[in-house]
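Shown here: query-v5.pdb, PDB, C-alpha atoms.
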```
ATOM      1  CA  GLY A 110     101.199  93.765  86.344  1.00  0.00           C
ATOM      2  CA  SER A 111     103.810  93.511  83.552  1.00  0.00           C
ATOM      3  CA  ILE A 112     104.929  90.925  81.039  1.00  0.00           C
ATOM      4  CA  TYR A 113     108.587  91.080  80.002  1.00  0.00           C
ATOM      5  CA  LEU A 114     109.957  89.389  76.877  1.00  0.00           C
ATOM      6  CA  ARG A 115     113.602  88.727  76.197  1.00  0.00           C
ATOM      7  CA  GLY A 116     115.352  86.829  73.415  1.00  0.00           C
ATOM      8  CA  PHE A 117     113.111  87.790  70.508  1.00  0.00           C
ATOM      9  CA  GLN A 118     114.048  90.038  67.583  1.00  0.00           C
ATOM     10  CA  GLY A 119     112.172  92.201  65.093  1.00  0.00           C
ATOM     11  CA  PRO A 120     108.475  92.956  64.783  1.00  0.00           C
ATOM     12  CA  GLY A 121     105.796  90.658  66.129  1.00  0.00           C
ATOM     13  CA  ALA A 122     102.671  90.160  68.162  1.00  0.00           C
ATOM     14  CA  ILE A 123     102.034  89.028  71.725  1.00  0.00           C
ATOM     15  CA  GLU A 124      98.733  87.292  72.395  1.00  0.00           C
ATOM     16  CA  VAL A 125      97.426  86.507  75.889  1.00  0.00           C
ATOM     17  CA  TYR A 126      94.826  83.764  76.412  1.00  0.00           C
ATOM     18  CA  SER A 127      93.043  82.352  79.429  1.00  0.00           C
ATOM     19  CA  ILE A 128      93.808  78.711  80.167  1.00  0.00           C
ATOM     20  CA  ILE A 129      90.521  77.725  78.486  1.00  0.00           C
ATOM     21  CA  GLY A 130      91.522  79.490  75.280  1.00  0.00           C
ATOM     22  CA  ASN A 131      89.681  82.821  75.434  1.00  0.00           C
ATOM     23  CA  LYS A 132      91.781  85.638  73.956  1.00  0.00           C
ATOM     24  CA  ILE A 133      92.329  88.366  76.537  1.00  0.00           C
ATOM     25  CA  THR A 134      94.468  90.772  74.525  1.00  0.00           C
ATOM     26  CA  GLU A 135      96.822  91.117  71.583  1.00  0.00           C
ATOM     27  CA  VAL A 136      99.670  93.614  71.300  1.00  0.00           C
ATOM     28  CA  ASN A 137     101.602  94.306  68.085  1.00  0.00           C
ATOM     29  CA  THR A 138     105.064  95.820  68.256  1.00  0.00           C
ATOM     30  CA  GLN A 139     107.824  96.814  65.859  1.00  0.00           C
ATOM     31  CA  ASP A 140     110.561  95.495  68.175  1.00  0.00           C
ATOM     32  CA  LEU A 141     110.220  92.439  70.423  1.00  0.00           C
ATOM     33  CA  HIS A 142     113.743  92.851  71.859  1.00  0.00           C
ATOM     34  CA  SER A 143     113.347  93.455  75.627  1.00  0.00           C
ATOM     35  CA  PHE A 144     109.625  94.147  75.190  1.00  0.00           C
ATOM     36  CA  GLN A 145     107.478  95.005  78.220  1.00  0.00           C
ATOM     37  CA  PHE A 146     103.774  95.764  78.506  1.00  0.00           C
ATOM     38  CA  LEU A 147     101.387  96.328  81.394  1.00  0.00           C
ATOM     39  CA  ILE A 148      98.436  93.988  81.800  1.00  0.00           C
ATOM     40  CA  GLU A 149      95.972  93.269  84.597  1.00  0.00           C
ATOM     41  CA  LEU A 150      95.773  89.497  85.170  1.00  0.00           C
ATOM     42  CA  GLU A 151      94.020  87.753  88.054  1.00  0.00           C
ATOM     43  CA  SER A 152      96.511  86.569  90.636  1.00  0.00           C
ATOM     44  CA  ARG A 153      97.168  82.794  90.844  1.00  0.00           C
ATOM     45  CA  ASN A 154      95.476  82.097  87.491  1.00  0.00           C
ATOM     46  CA  MET A 155      97.264  80.380  84.610  1.00  0.00           C
ATOM     47  CA  TYR A 156      97.551  82.078  81.214  1.00  0.00           C
ATOM     48  CA  ILE A 157      98.953  81.213  77.806  1.00  0.00           C
ATOM     49  CA  ILE A 158     101.306  83.695  76.132  1.00  0.00           C
ATOM     50  CA  ARG A 159     101.779  83.295  72.383  1.00  0.00           C
ATOM     51  CA  VAL A 160     104.612  85.227  70.722  1.00  0.00           C
ATOM     52  CA  VAL A 161     104.433  85.485  66.941  1.00  0.00           C
ATOM     53  CA  SER A 162     107.627  86.727  65.274  1.00  0.00           C
ATOM     54  CA  SER A 163     109.492  86.389  61.994  1.00  0.00           C
ATOM     55  CA  ASN A 164     111.262  83.347  63.528  1.00  0.00           C
ATOM     56  CA  GLY A 165     107.987  81.506  64.152  1.00  0.00           C
ATOM     57  CA  VAL A 166     105.554  81.068  67.019  1.00  0.00           C
ATOM     58  CA  LYS A 167     106.481  80.355  70.648  1.00  0.00           C
ATOM     59  CA  THR A 168     103.920  79.480  73.310  1.00  0.00           C
ATOM     60  CA  PHE A 169     104.390  79.779  77.090  1.00  0.00           C
ATOM     61  CA  LYS A 170     102.253  79.046  80.134  1.00  0.00           C
ATOM     62  CA  ILE A 171     102.513  81.470  83.040  1.00  0.00           C
ATOM     63  CA  VAL A 172     100.926  81.860  86.456  1.00  0.00           C
ATOM     64  CA  ALA A 173     100.077  85.440  87.414  1.00  0.00           C
ATOM     65  CA  SER A 174     101.337  86.585  90.791  1.00  0.00           C
TER      66      SER A 174
END
```

Could you express the structure from this file as structure tokens?
Amino acid sequence: GSIYLRGFQGPGAIEVYSIIGNKITEVNTQDLHSFQFLIELESRNMYIIRVVSSNGVKTFKIVAS
């Protein structure tokens, strides 16, 4: 039930979307370095994680386990 981020620096936002594009949640933080937050996602479903930082936007697809 956690999402871990590594390799990002500074403040930013983490957005979680369903695979069809519905926003599930958004978390803002002052430090993305080794960031972790708890989230309930349905097992075996695919999600899109969007990380917005001062270095730009990175998008990832994940499958919840």

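When the PyMOL selection byres ((chain A and resi 149) around 6) is evaluated on the file shown here, the picked residues come out as Gly110, Ile148 and Leu150 of chain A.
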
Using only C-alpha atoms, pick whichever of A:Leu147, A:Ile158, A:Val172, A:Ile112 has the shortest atom-to-atom distance to Val125 (chain A).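 Closest residue, counting only C-alpha atoms: A:Ile158.
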
What's the separation between CA of Gly116 (chain A) and CA of Tyr156 (chain A), in Å to one decimal place?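 If I compute the distance from CA of Gly116 (chain A) to CA of Tyr156 (chain A), I get 20.0 Å.
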
Within 12 Å of (104.8, 92.4, 67.2) (file coordinates; only C-alpha atoms), which protein or nucleic acid residues are there? I'd like them as a list in words.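 Protein and nucleic acid residues near the point are Leu114, Phe117, Gln118, Gly119, Pro120, Gly121, Ala122, Ile123, Glu124, Glu135, Val136, Asn137, Thr138, Gln139, Asp140, Leu141, His142, Phe144, Gln145, Phe146, Arg159, Val160, Val161, Ser162, Ser163, Asn164, Gly165 and Val166 of chain A.
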
Given only C-alpha atoms as the basis, pick out the residue of A:Ile157, A:Ser174, A:Arg115, A:Lys167 nearest to Ile128 (chain A).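 The shortest atom-to-atom distance to Ile128 (chain A) comes from A:Ile157.
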
As an exercise, work out the distance from CA of Ile129 (chain A) to CA of Tyr113 (chain A) in Å and give it to one decimal place.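 Calculated distance between CA of Ile129 (chain A) and CA of Tyr113 (chain A) is 22.5 Å.
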